[in-house]
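Containing PDB, N, CA and C atoms: coords11.pdb.
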ATOM      1  N   LEU E  77     161.583  16.156  -6.300
ATOM      2  CA  LEU E  77     162.791  15.476  -6.734
ATOM      3  C   LEU E  77     163.331  14.603  -5.607
ATOM      4  N   ASP E  78     163.925  13.485  -5.969
ATOM      5  CA  ASP E  78     164.568  12.634  -4.970
ATOM      6  C   ASP E  78     165.904  13.221  -4.529
ATOM      7  N   LEU E  79     166.588  13.894  -5.449
ATOM      8  CA  LEU E  79     167.861  14.557  -5.147
ATOM      9  C   LEU E  79     168.232  15.436  -6.316
ATOM     10  N   TYR E  80     169.240  16.280  -6.099
ATOM     11  CA  TYR E  80     169.717  17.136  -7.174
ATOM     12  C   TYR E  80     171.225  16.971  -7.271
ATOM     13  N   LEU E  81     171.709  16.711  -8.489
ATOM     14  CA  LEU E  81     173.141  16.544  -8.731
ATOM     15  C   LEU E  81     173.683  17.743  -9.496
ATOM     16  N   VAL E  82     174.770  18.317  -9.001
ATOM     17  CA  VAL E  82     175.532  19.306  -9.744
ATOM     18  C   VAL E  82     176.833  18.611 -10.108
ATOM     19  N   THR E  83     177.016  18.338 -11.388
ATOM     20  CA  THR E  83     178.147  17.530 -11.831
ATOM     21  C   THR E  83     179.188  18.341 -12.601
ATOM     22  N   SER E  84     179.126  19.649 -12.484
ATOM     23  CA  SER E  84     179.996  20.535 -13.261
ATOM     24  C   SER E  84     181.460  20.436 -12.846
ATOM     25  N   ARG E  85     182.327  20.765 -13.802
ATOM     26  CA  ARG E  85     183.762  20.899 -13.521
ATOM     27  C   ARG E  85     184.119  22.349 -13.229
ATOM     28  N   ASP E  86     183.326  23.270 -13.776
ATOM     29  CA  ASP E  86     183.566  24.695 -13.599
ATOM     30  C   ASP E  86     182.206  25.377 -13.610
ATOM     31  N   GLU E  87     181.987  26.288 -12.686
ATOM     32  CA  GLU E  87     180.655  26.874 -12.565
ATOM     33  C   GLU E  87     180.777  28.215 -11.855
ATOM     34  N   GLY E  88     179.981  29.168 -12.253
ATOM     35  CA  GLY E  88     179.972  30.467 -11.591
ATOM     36  C   GLY E  88     179.120  30.478 -10.350
ATOM     37  N   GLY E  89     178.005  29.843 -10.363
ATOM     38  CA  GLY E  89     177.078  29.799  -9.219
ATOM     39  C   GLY E  89     177.218  28.461  -8.535
ATOM     40  N   PRO E  90     176.589  27.479  -8.901
ATOM     41  CA  PRO E  90     175.348  27.540  -9.683
ATOM     42  C   PRO E  90     174.159  27.852  -8.789
ATOM     43  N   LYS E  91     173.166  28.501  -9.321
ATOM     44  CA  LYS E  91     171.980  28.861  -8.548
ATOM     45  C   LYS E  91     171.229  27.636  -8.043
ATOM     46  N   ALA E  92     171.359  26.538  -8.738
ATOM     47  CA  ALA E  92     170.641  25.316  -8.351
ATOM     48  C   ALA E  92     171.041  24.831  -6.968
ATOM     49  N   ILE E  93     172.208  25.207  -6.509
ATOM     50  CA  ILE E  93     172.635  24.785  -5.170
ATOM     51  C   ILE E  93     171.686  25.358  -4.121
ATOM     52  N   LEU E  94     171.513  26.667  -4.123
ATOM     53  CA  LEU E  94     170.609  27.277  -3.146
ATOM     54  C   LEU E  94     169.155  26.916  -3.411
ATOM     55  N   GLU E  95     168.797  26.759  -4.671
ATOM     56  CA  GLU E  95     167.416  26.382  -4.992
ATOM     57  C   GLU E  95     167.072  25.009  -4.435
ATOM     58  N   SER E  96     167.958  24.052  -4.572
ATOM     59  CA  SER E  96     167.665  22.719  -4.040
ATOM     60  C   SER E  96     167.638  22.748  -2.519
ATOM     61  N   MET E  97     168.567  23.502  -1.912
ATOM     62  CA  MET E  97     168.575  23.606  -0.447
ATOM     63  C   MET E  97     167.273  24.232   0.057
ATOM     64  N   ALA E  98     166.840  25.298  -0.606
ATOM     65  CA  ALA E  98     165.612  25.982  -0.193
ATOM     66  C   ALA E  98     164.380  25.112  -0.403
ATOM     67  N   SER E  99     164.450  24.201  -1.352
ATOM     68  CA  SER E  99     163.300  23.351  -1.698
ATOM     69  C   SER E  99     163.279  22.027  -0.954
ATOM     70  N   TYR E 100     164.225  21.848  -0.020
ATOM     71  CA  TYR E 100     164.264  20.621   0.783
ATOM     72  C   TYR E 100     164.585  19.396  -0.073
ATOM     73  N   VAL E 101     165.414  19.607  -1.094
ATOM     74  CA  VAL E 101     165.833  18.532  -1.990
ATOM     75  C   VAL E 101     167.285  18.188  -1.674
ATOM     76  N   PRO E 102     167.600  16.931  -1.388
ATOM     77  CA  PRO E 102     168.986  16.559  -1.094
ATOM     78  C   PRO E 102     169.916  16.956  -2.251
ATOM     79  N   LEU E 103     171.059  17.534  -1.897
ATOM     80  CA  LEU E 103     172.002  18.046  -2.882
ATOM     81  C   LEU E 103     173.315  17.281  -2.821
ATOM     82  N   ILE E 104     173.759  16.834  -3.987
ATOM     83  CA  ILE E 104     175.081  16.242  -4.153
ATOM     84  C   ILE E 104     175.753  17.073  -5.234
ATOM     85  N   THR E 105     176.928  17.631  -4.932
ATOM     86  CA  THR E 105     177.570  18.559  -5.852
ATOM     87  C   THR E 105     179.074  18.349  -5.919
ATOM     88  N   THR E 106     179.622  18.742  -7.048
ATOM     89  CA  THR E 106     181.070  18.810  -7.141
ATOM     90  C   THR E 106     181.514  20.122  -6.486
ATOM     91  N   ARG E 107     182.789  20.229  -6.208
ATOM     92  CA  ARG E 107     183.359  21.405  -5.541
ATOM     93  C   ARG E 107     183.539  22.523  -6.579
ATOM     94  N   VAL E 108     182.434  23.200  -6.917
ATOM     95  CA  VAL E 108     182.446  24.265  -7.922
ATOM     96  C   VAL E 108     181.715  25.497  -7.395
ATOM     97  N   GLY E 109     182.115  26.661  -7.893
ATOM     98  CA  GLY E 109     181.418  27.899  -7.584
ATOM     99  C   GLY E 109     181.138  28.077  -6.113
ATOM    100  N   GLN E 110     179.933  28.499  -5.803
ATOM    101  CA  GLN E 110     179.567  28.784  -4.424
ATOM    102  C   GLN E 110     179.453  27.524  -3.566
ATOM    103  N   ALA E 111     179.420  26.358  -4.177
ATOM    104  CA  ALA E 111     179.346  25.120  -3.394
ATOM    105  C   ALA E 111     180.519  25.042  -2.414
ATOM    106  N   ALA E 112     181.691  25.446  -2.868
ATOM    107  CA  ALA E 112     182.880  25.397  -2.013
ATOM    108  C   ALA E 112     182.736  26.298  -0.796
ATOM    109  N   ASP E 113     181.900  27.327  -0.900
ATOM    110  CA  ASP E 113     181.722  28.267   0.204
ATOM    111  C   ASP E 113     180.570  27.924   1.137
ATOM    112  N   ILE E 114     179.513  27.298   0.622
ATOM    113  CA  ILE E 114     178.320  27.125   1.469
ATOM    114  C   ILE E 114     177.983  25.675   1.815
ATOM    115  N   VAL E 115     178.557  24.719   1.100
ATOM    116  CA  VAL E 115     178.262  23.317   1.411
ATOM    117  C   VAL E 115     179.216  22.839   2.495
ATOM    118  N   ASP E 116     178.632  22.306   3.539
ATOM    119  CA  ASP E 116     179.386  21.682   4.623
ATOM    120  C   ASP E 116     179.126  20.181   4.488
ATOM    121  N   HIS E 117     180.028  19.486   3.825
ATOM    122  CA  HIS E 117     179.836  18.078   3.452
ATOM    123  C   HIS E 117     179.318  17.236   4.619
ATOM    124  N   GLY E 118     178.207  16.579   4.354
ATOM    125  CA  GLY E 118     177.611  15.691   5.343
ATOM    126  C   GLY E 118     176.755  16.387   6.379
ATOM    127  N   ARG E 119     176.726  17.724   6.348
ATOM    128  CA  ARG E 119     175.910  18.468   7.307
ATOM    129  C   ARG E 119     174.724  19.152   6.641
ATOM    130  N   ASN E 120     174.932  19.770   5.447
ATOM    131  CA  ASN E 120     173.813  20.410   4.751
ATOM    132  C   ASN E 120     173.686  19.945   3.297
ATOM    133  N   ALA E 121     174.619  19.117   2.866
ATOM    134  CA  ALA E 121     174.631  18.539   1.508
ATOM    135  C   ALA E 121     175.854  17.628   1.438
ATOM    136  N   TRP E 122     176.125  17.118   0.238
ATOM    137  CA  TRP E 122     177.310  16.280   0.052
ATOM    138  C   TRP E 122     178.109  16.846  -1.108
ATOM    139  N   MET E 123     179.429  16.931  -0.947
ATOM    140  CA  MET E 123     180.273  17.523  -1.965
ATOM    141  C   MET E 123     181.475  16.620  -2.229
ATOM    142  N   VAL E 124     181.801  16.507  -3.520
ATOM    143  CA  VAL E 124     182.949  15.701  -3.935
ATOM    144  C   VAL E 124     183.827  16.553  -4.852
ATOM    145  N   ASP E 125     185.039  16.103  -5.082
ATOM    146  CA  ASP E 125     185.925  16.792  -6.010
ATOM    147  C   ASP E 125     185.374  16.681  -7.428
ATOM    148  N   THR E 126     185.761  17.623  -8.270
ATOM    149  CA  THR E 126     185.317  17.561  -9.661
ATOM    150  C   THR E 126     185.818  16.264 -10.296
ATOM    151  N   GLU E 127     185.019  15.738 -11.163
ATOM    152  CA  GLU E 127     185.298  14.497 -11.891
ATOM    153  C   GLU E 127     185.303  13.245 -11.005
ATOM    154  N   ASP E 128     184.807  13.345  -9.781
ATOM    155  CA  ASP E 128     184.712  12.177  -8.897
ATOM    156  C   ASP E 128     183.354  11.502  -9.121
ATOM    157  N   VAL E 129     183.268  10.760 -10.196
ATOM    158  CA  VAL E 129     182.019  10.102 -10.584
ATOM    159  C   VAL E 129     181.586   9.097  -9.519
ATOM    160  N   ASP E 130     182.532   8.346  -8.994
ATOM    161  CA  ASP E 130     182.200   7.361  -7.960
ATOM    162  C   ASP E 130     181.652   8.043  -6.712
ATOM    163  N   GLY E 131     182.227   9.184  -6.338
ATOM    164  CA  GLY E 131     181.735   9.927  -5.181
ATOM    165  C   GLY E 131     180.330  10.453  -5.396
ATOM    166  N   LEU E 132     180.067  10.987  -6.593
ATOM    167  CA  LEU E 132     178.714  11.454  -6.908
ATOM    168  C   LEU E 132     177.706  10.313  -6.799
ATOM    169  N   ALA E 133     178.056   9.153  -7.365
ATOM    170  CA  ALA E 133     177.160   7.994  -7.323
ATOM    171  C   ALA E 133     176.960   7.517  -5.888
ATOM    172  N   HIS E 134     178.041   7.473  -5.120
ATOM    173  CA  HIS E 134     177.962   7.011  -3.729
ATOM    174  C   HIS E 134     177.008   7.885  -2.911
ATOM    175  N   TRP E 135     177.208   9.215  -2.969
ATOM    176  CA  TRP E 135     176.382  10.094  -2.153
ATOM    177  C   TRP E 135     174.956  10.205  -2.687
ATOM    178  N   ALA E 136     174.771  10.034  -3.980
ATOM    179  CA  ALA E 136     173.408  10.005  -4.522
ATOM    180  C   ALA E 136     172.665   8.791  -3.972
ATOM    181  N   TRP E 137     173.310   7.647  -4.002
ATOM    182  CA  TRP E 137     172.685   6.440  -3.450
ATOM    183  C   TRP E 137     172.430   6.613  -1.963
ATOM    184  N   HIS E 138     173.381   7.200  -1.248
ATOM    185  CA  HIS E 138     173.222   7.430   0.187
ATOM    186  C   HIS E 138     171.985   8.294   0.463
ATOM    187  N   ALA E 139     171.829   9.394  -0.284
ATOM    188  CA  ALA E 139     170.690  10.287  -0.067
ATOM    189  C   ALA E 139     169.364   9.586  -0.331
ATOM    190  N   ILE E 140     169.332   8.735  -1.335
ATOM    191  CA  ILE E 140     168.097   8.001  -1.642
ATOM    192  C   ILE E 140     167.864   6.892  -0.614
ATOM    193  N   ASP E 141     168.901   6.143  -0.311
ATOM    194  CA  ASP E 141     168.788   5.019   0.618
ATOM    195  C   ASP E 141     168.447   5.469   2.039
ATOM    196  N   GLN E 142     168.967   6.609   2.444
ATOM    197  CA  GLN E 142     168.760   7.107   3.808
ATOM    198  C   GLN E 142     167.708   8.222   3.872
ATOM    199  N   ARG E 143     166.845   8.280   2.896
ATOM    200  CA  ARG E 143     165.877   9.373   2.774
ATOM    201  C   ARG E 143     165.122   9.653   4.074
ATOM    202  N   LEU E 144     164.821   8.634   4.833
ATOM    203  CA  LEU E 144     164.043   8.831   6.056
ATOM    204  C   LEU E 144     164.883   9.363   7.209
ATOM    205  N   SER E 145     166.204   9.311   7.092
ATOM    206  CA  SER E 145     167.052   9.748   8.210
ATOM    207  C   SER E 145     167.884  10.989   7.906
ATOM    208  N   ILE E 146     167.680  11.612   6.752
ATOM    209  CA  ILE E 146     168.494  12.783   6.402
ATOM    210  C   ILE E 146     167.766  14.103   6.653
ATOM    211  N   GLU E 147     166.670  14.064   7.358
ATOM    212  CA  GLU E 147     165.914  15.285   7.637
ATOM    213  C   GLU E 147     166.764  16.366   8.313
ATOM    214  N   PRO E 148     167.639  16.034   9.275
ATOM    215  CA  PRO E 148     168.489  17.092   9.855
ATOM    216  C   PRO E 148     169.390  17.768   8.817
ATOM    217  N   ILE E 149     169.861  17.032   7.840
ATOM    218  CA  ILE E 149     170.686  17.608   6.777
ATOM    219  C   ILE E 149     169.840  18.549   5.926
ATOM    220  N   LEU E 150     168.629  18.139   5.607
ATOM    221  CA  LEU E 150     167.741  18.978   4.809
ATOM    222  C   LEU E 150     167.331  20.234   5.576
ATOM    223  N   ASP E 151     167.122  20.096   6.887
ATOM    224  CA  ASP E 151     166.796  21.265   7.715
ATOM    225  C   ASP E 151     167.936  22.283   7.696
ATOM    226  N   LEU E 152     169.167  21.807   7.874
ATOM    227  CA  LEU E 152     170.322  22.703   7.861
ATOM    228  C   LEU E 152     170.529  23.314   6.470
ATOM    229  N   ALA E 153     170.247  22.532   5.436
ATOM    230  CA  ALA E 153     170.347  23.053   4.067
ATOM    231  C   ALA E 153     169.357  24.197   3.867
ATOM    232  N   LYS E 154     168.146  24.023   4.352
ATOM    233  CA  LYS E 154     167.129  25.081   4.215
ATOM    234  C   LYS E 154     167.571  26.335   4.967
ATOM    235  N   GLN E 155     168.180  26.171   6.138
ATOM    236  CA  GLN E 155     168.703  27.311   6.893
ATOM    237  C   GLN E 155     169.837  27.996   6.123
ATOM    238  N   THR E 156     170.686  27.205   5.495
ATOM    239  CA  THR E 156     171.783  27.751   4.688
ATOM    240  C   THR E 156     171.228  28.585   3.540
ATOM    241  N   ALA E 157     170.196  28.082   2.883
ATOM    242  CA  ALA E 157     169.574  28.830   1.787
ATOM    243  C   ALA E 157     168.989  30.144   2.298
ATOM    244  N   ALA E 158     168.332  30.105   3.448
ATOM    245  CA  ALA E 158     167.741  31.321   4.004
ATOM    246  C   ALA E 158     168.818  32.356   4.332
ATOM    247  N   LYS E 159     169.949  31.911   4.851
ATOM    248  CA  LYS E 159     171.050  32.829   5.179
ATOM    249  C   LYS E 159     171.656  33.457   3.928
ATOM    250  N   ASN E 160     171.493  32.811   2.791
ATOM    251  CA  ASN E 160     172.074  33.295   1.542
ATOM    252  C   ASN E 160     171.047  33.865   0.584
ATOM    253  N   ALA E 161     169.817  34.053   1.059
ATOM    254  CA  ALA E 161     168.754  34.642   0.220
ATOM    255  C   ALA E 161     169.050  36.116  -0.023
ATOM    256  N   TYR E 162     168.499  36.653  -1.094
ATOM    257  CA  TYR E 162     168.702  38.062  -1.419
ATOM    258  C   TYR E 162     168.359  38.969  -0.233
ATOM    259  N   GLU E 163     167.236  38.688   0.405
ATOM    260  CA  GLU E 163     166.786  39.522   1.514
ATOM    261  C   GLU E 163     167.806  39.537   2.650
ATOM    262  N   ALA E 164     168.427  38.397   2.909
ATOM    263  CA  ALA E 164     169.400  38.291   3.985
ATOM    264  C   ALA E 164     170.708  38.995   3.634
ATOM    265  N   GLN E 165     170.971  39.181   2.356
ATOM    266  CA  GLN E 165     172.214  39.810   1.912
ATOM    267  C   GLN E 165     172.118  41.331   1.834
ATOM    268  N   ALA E 166     170.924  41.887   1.865
ATOM    269  CA  ALA E 166     170.740  43.335   1.669
ATOM    270  C   ALA E 166     171.531  44.157   2.680
ATOM    271  N   ALA E 167     171.481  43.790   3.939
ATOM    272  CA  ALA E 167     172.216  44.544   4.965
ATOM    273  C   ALA E 167     173.725  44.465   4.736
ATOM    274  N   LEU E 168     174.216  43.330   4.281
ATOM    275  CA  LEU E 168     175.646  43.184   3.999
ATOM    276  C   LEU E 168     176.072  44.105   2.859
ATOM    277  N   TRP E 169     175.231  44.200   1.816
ATOM    278  CA  TRP E 169     175.556  45.083   0.697
ATOM    279  C   TRP E 169     175.482  46.543   1.120
ATOM    280  N   ASP E 170     174.511  46.882   1.943
ATOM    281  CA  ASP E 170     174.429  48.259   2.439
ATOM    282  C   ASP E 170     175.709  48.629   3.184
ATOM    283  N   ALA E 171     176.170  47.738   4.041
ATOM    284  CA  ALA E 171     177.402  47.998   4.801
ATOM    285  C   ALA E 171     178.612  48.091   3.869
ATOM    286  N   PHE E 172     178.649  47.245   2.866
ATOM    287  CA  PHE E 172     179.765  47.228   1.924
ATOM    288  C   PHE E 172     179.888  48.559   1.175
ATOM    289  N   PHE E 173     178.746  49.113   0.752
ATOM    290  CA  PHE E 173     178.756  50.334  -0.044
ATOM    291  C   PHE E 173     178.614  51.602   0.797
ATOM    292  N   GLU E 174     178.542  51.478   2.106
ATOM    293  CA  GLU E 174     178.399  52.641   2.984
ATOM    294  C   GLU E 174     179.503  53.653   2.685
ATOM    295  N   GLY E 175     179.096  54.887   2.439
ATOM    296  CA  GLY E 175     180.057  55.944   2.153
ATOM    297  C   GLY E 175     180.404  56.086   0.691
ATOM    298  N   TYR E 176     180.032  55.128  -0.128
ATOM    299  CA  TYR E 176     180.332  55.171  -1.551
ATOM    300  C   TYR E 176     179.117  55.480  -2.416
ATOM    301  N   ILE E 177     177.958  55.096  -1.927
ATOM    302  CA  ILE E 177     176.722  55.287  -2.688
ATOM    303  C   ILE E 177     175.727  56.048  -1.819
ATOM    304  N   GLU E 178     175.104  57.034  -2.391
ATOM    305  CA  GLU E 178     174.119  57.834  -1.690
ATOM    306  C   GLU E 178     172.780  57.094  -1.668
ATOM    307  N   HIS E 179     172.149  57.045  -0.517
ATOM    308  CA  HIS E 179     170.837  56.423  -0.415
ATOM    309  C   HIS E 179     169.769  57.423  -0.866
ATOM    310  N   ARG E 180     168.895  56.968  -1.724
ATOM    311  CA  ARG E 180     167.802  57.826  -2.210
ATOM    312  C   ARG E 180     166.473  57.120  -1.970
ATOM    313  N   LEU E 181     165.484  57.913  -1.735
ATOM    314  CA  LEU E 181     164.149  57.362  -1.506
ATOM    315  C   LEU E 181     163.430  57.182  -2.803
TER     316      LEU E 181
END

Kindly transcribe the structure held in the file into structure tokens.
Amino acid sequence: LDLYLVTSRDEGGPKAILESMASYVPLITTRVGQAADIVDHGRNAWMVDTEDVDGLAHWAWHAIDQRLSIEPILDLAKQTAAKNAYEAQAALWDAFFEGYIEHRL
């Protein structure tokens, strides 16, 4: 893909955010769901306010036009995806439930 657009006004995830980051696909997203927590605008993806059609178009064109110079952004996006992978979250969940759930083999 040349880029991935998340154009939602309301979203629970979306999973496509981490999927595009992990796949080295430039991401342009509205400020929805987990995007507000993991996207650092201009560093690992591009984020605009919901319903900002002009902003989505601007950053989509930027990602395509600057494709040869956005490798550092894609590298940081891939690192962001790795930090948020299921495997990376397991220790956090173990700590969260410590004392509440019995570990069984």

Explicit residues for the PyMOL selection byres (((chain E and resi 106 and name CA) around 10) and name CA) (as a PyMOL selection string): chain E and resi 81-87+104-105+107-109+111-112+122-129+131-132

Matched chain/residue IDs from the PyMOL selection byres ((chain E and resi 150) around 7), as a CSV table (one decimal) with N, CA and C atoms, in the frame of the given file:
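Result went into selection28.csv, see below:
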chain,number,residue,atom,x,y,z
E,97,MET,N,168.6,23.5,-1.9
E,97,MET,CA,168.6,23.6,-0.4
E,97,MET,C,167.3,24.2,0.1
E,100,TYR,N,164.2,21.8,0.0
E,100,TYR,CA,164.3,20.6,0.8
E,100,TYR,C,164.6,19.4,-0.1
E,101,VAL,N,165.4,19.6,-1.1
E,101,VAL,CA,165.8,18.5,-2.0
E,101,VAL,C,167.3,18.2,-1.7
E,102,PRO,N,167.6,16.9,-1.4
E,102,PRO,CA,169.0,16.6,-1.1
E,102,PRO,C,169.9,17.0,-2.3
E,119,ARG,N,176.7,17.7,6.3
E,119,ARG,CA,175.9,18.5,7.3
E,119,ARG,C,174.7,19.2,6.6
E,120,ASN,N,174.9,19.8,5.4
E,120,ASN,CA,173.8,20.4,4.8
E,120,ASN,C,173.7,19.9,3.3
E,121,ALA,N,174.6,19.1,2.9
E,121,ALA,CA,174.6,18.5,1.5
E,121,ALA,C,175.9,17.6,1.4
E,146,ILE,N,167.7,11.6,6.8
E,146,ILE,CA,168.5,12.8,6.4
E,146,ILE,C,167.8,14.1,6.7
E,147,GLU,N,166.7,14.1,7.4
E,147,GLU,CA,165.9,15.3,7.6
E,147,GLU,C,166.8,16.4,8.3
E,148,PRO,N,167.6,16.0,9.3
E,148,PRO,CA,168.5,17.1,9.9
E,148,PRO,C,169.4,17.8,8.8
E,149,ILE,N,169.9,17.0,7.8
E,149,ILE,CA,170.7,17.6,6.8
E,149,ILE,C,169.8,18.5,5.9
E,151,ASP,N,167.1,20.1,6.9
E,151,ASP,CA,166.8,21.3,7.7
E,151,ASP,C,167.9,22.3,7.7
E,152,LEU,N,169.2,21.8,7.9
E,152,LEU,CA,170.3,22.7,7.9
E,152,LEU,C,170.5,23.3,6.5
E,153,ALA,N,170.2,22.5,5.4
E,153,ALA,CA,170.3,23.1,4.1
E,153,ALA,C,169.4,24.2,3.9
E,154,LYS,N,168.1,24.0,4.4
E,154,LYS,CA,167.1,25.1,4.2
E,154,LYS,C,167.6,26.3,5.0
E,155,GLN,N,168.2,26.2,6.1
E,155,GLN,CA,168.7,27.3,6.9
E,155,GLN,C,169.8,28.0,6.1

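When atom CA of Trp137 of chain E is paired with atom CA of Ala161 of chain E, their separation reads 28.7 Å.
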
Please extract the residues of segment 83-116 of chain E with a backbone DSSP assignment of strand (DSSP E or B) and present them as a ChimeraX atom specification. /E:103-106

Padding 8 Å on every side, please: axis-aligned box over the listed atoms of segment 145-155 of chain E, centre and edge lengths to one decimal in Å, as JSON.
{"center_x": 168.3, "center_y": 18.7, "center_z": 6.9, "size_x": 20.8, "size_y": 34.7, "size_z": 22.0}

Every residue of segment 94-162 of chain E that DSSP places in alpha helix (DSSP H), as a ChimeraX atom specification: /E:94-98,111-114,129-141,147-159,162

Go ahead and save the picked residues with N, CA and C atoms, as a short mmCIF file (atom, residue, chain, number, x, y, z; two decimals), in the frame of the given file.
data_model
loop_
_atom_site.label_atom_id
_atom_site.label_comp_id
_atom_site.auth_asym_id
_atom_site.auth_seq_id
_atom_site.Cartn_x
_atom_site.Cartn_y
_atom_site.Cartn_z
N LEU E 94 171.51 26.67 -4.12
CA LEU E 94 170.61 27.28 -3.15
C LEU E 94 169.16 26.92 -3.41
N GLU E 95 168.80 26.76 -4.67
CA GLU E 95 167.42 26.38 -4.99
C GLU E 95 167.07 25.01 -4.43
N SER E 96 167.96 24.05 -4.57
CA SER E 96 167.66 22.72 -4.04
C SER E 96 167.64 22.75 -2.52
N MET E 97 168.57 23.50 -1.91
CA MET E 97 168.58 23.61 -0.45
C MET E 97 167.27 24.23 0.06
N ALA E 98 166.84 25.30 -0.61
CA ALA E 98 165.61 25.98 -0.19
C ALA E 98 164.38 25.11 -0.40
N ALA E 111 179.42 26.36 -4.18
CA ALA E 111 179.35 25.12 -3.39
C ALA E 111 180.52 25.04 -2.41
N ALA E 112 181.69 25.45 -2.87
CA ALA E 112 182.88 25.40 -2.01
C ALA E 112 182.74 26.30 -0.80
N ASP E 113 181.90 27.33 -0.90
CA ASP E 113 181.72 28.27 0.20
C ASP E 113 180.57 27.92 1.14
N ILE E 114 179.51 27.30 0.62
CA ILE E 114 178.32 27.12 1.47
C ILE E 114 177.98 25.68 1.82
N VAL E 129 183.27 10.76 -10.20
CA VAL E 129 182.02 10.10 -10.58
C VAL E 129 181.59 9.10 -9.52
N ASP E 130 182.53 8.35 -8.99
CA ASP E 130 182.20 7.36 -7.96
C ASP E 130 181.65 8.04 -6.71
N GLY E 131 182.23 9.18 -6.34
CA GLY E 131 181.74 9.93 -5.18
C GLY E 131 180.33 10.45 -5.40
N LEU E 132 180.07 10.99 -6.59
CA LEU E 132 178.71 11.45 -6.91
C LEU E 132 177.71 10.31 -6.80
N ALA E 133 178.06 9.15 -7.36
CA ALA E 133 177.16 7.99 -7.32
C ALA E 133 176.96 7.52 -5.89
N HIS E 134 178.04 7.47 -5.12
CA HIS E 134 177.96 7.01 -3.73
C HIS E 134 177.01 7.88 -2.91
N TRP E 135 177.21 9.22 -2.97
CA TRP E 135 176.38 10.09 -2.15
C TRP E 135 174.96 10.20 -2.69
N ALA E 136 174.77 10.03 -3.98
CA ALA E 136 173.41 10.01 -4.52
C ALA E 136 172.66 8.79 -3.97
N TRP E 137 173.31 7.65 -4.00
CA TRP E 137 172.68 6.44 -3.45
C TRP E 137 172.43 6.61 -1.96
N HIS E 138 173.38 7.20 -1.25
CA HIS E 138 173.22 7.43 0.19
C HIS E 138 171.98 8.29 0.46
N ALA E 139 171.83 9.39 -0.28
CA ALA E 139 170.69 10.29 -0.07
C ALA E 139 169.36 9.59 -0.33
N ILE E 140 169.33 8.74 -1.34
CA ILE E 140 168.10 8.00 -1.64
C ILE E 140 167.86 6.89 -0.61
N ASP E 141 168.90 6.14 -0.31
CA ASP E 141 168.79 5.02 0.62
C ASP E 141 168.45 5.47 2.04
N GLU E 147 166.67 14.06 7.36
CA GLU E 147 165.91 15.28 7.64
C GLU E 147 166.76 16.37 8.31
N PRO E 148 167.64 16.03 9.28
CA PRO E 148 168.49 17.09 9.86
C PRO E 148 169.39 17.77 8.82
N ILE E 149 169.86 17.03 7.84
CA ILE E 149 170.69 17.61 6.78
C ILE E 149 169.84 18.55 5.93
N LEU E 150 168.63 18.14 5.61
CA LEU E 150 167.74 18.98 4.81
C LEU E 150 167.33 20.23 5.58
N ASP E 151 167.12 20.10 6.89
CA ASP E 151 166.80 21.26 7.72
C ASP E 151 167.94 22.28 7.70
N LEU E 152 169.17 21.81 7.87
CA LEU E 152 170.32 22.70 7.86
C LEU E 152 170.53 23.31 6.47
N ALA E 153 170.25 22.53 5.44
CA ALA E 153 170.35 23.05 4.07
C ALA E 153 169.36 24.20 3.87
N LYS E 154 168.15 24.02 4.35
CA LYS E 154 167.13 25.08 4.22
C LYS E 154 167.57 26.34 4.97
N GLN E 155 168.18 26.17 6.14
CA GLN E 155 168.70 27.31 6.89
C GLN E 155 169.84 28.00 6.12
N THR E 156 170.69 27.20 5.50
CA THR E 156 171.78 27.75 4.69
C THR E 156 171.23 28.58 3.54
N ALA E 157 170.20 28.08 2.88
CA ALA E 157 169.57 28.83 1.79
C ALA E 157 168.99 30.14 2.30
N ALA E 158 168.33 30.10 3.45
CA ALA E 158 167.74 31.32 4.00
C ALA E 158 168.82 32.36 4.33
N LYS E 159 169.95 31.91 4.85
CA LYS E 159 171.05 32.83 5.18
C LYS E 159 171.66 33.46 3.93
N TYR E 162 168.50 36.65 -1.09
CA TYR E 162 168.70 38.06 -1.42
C TYR E 162 168.36 38.97 -0.23
#
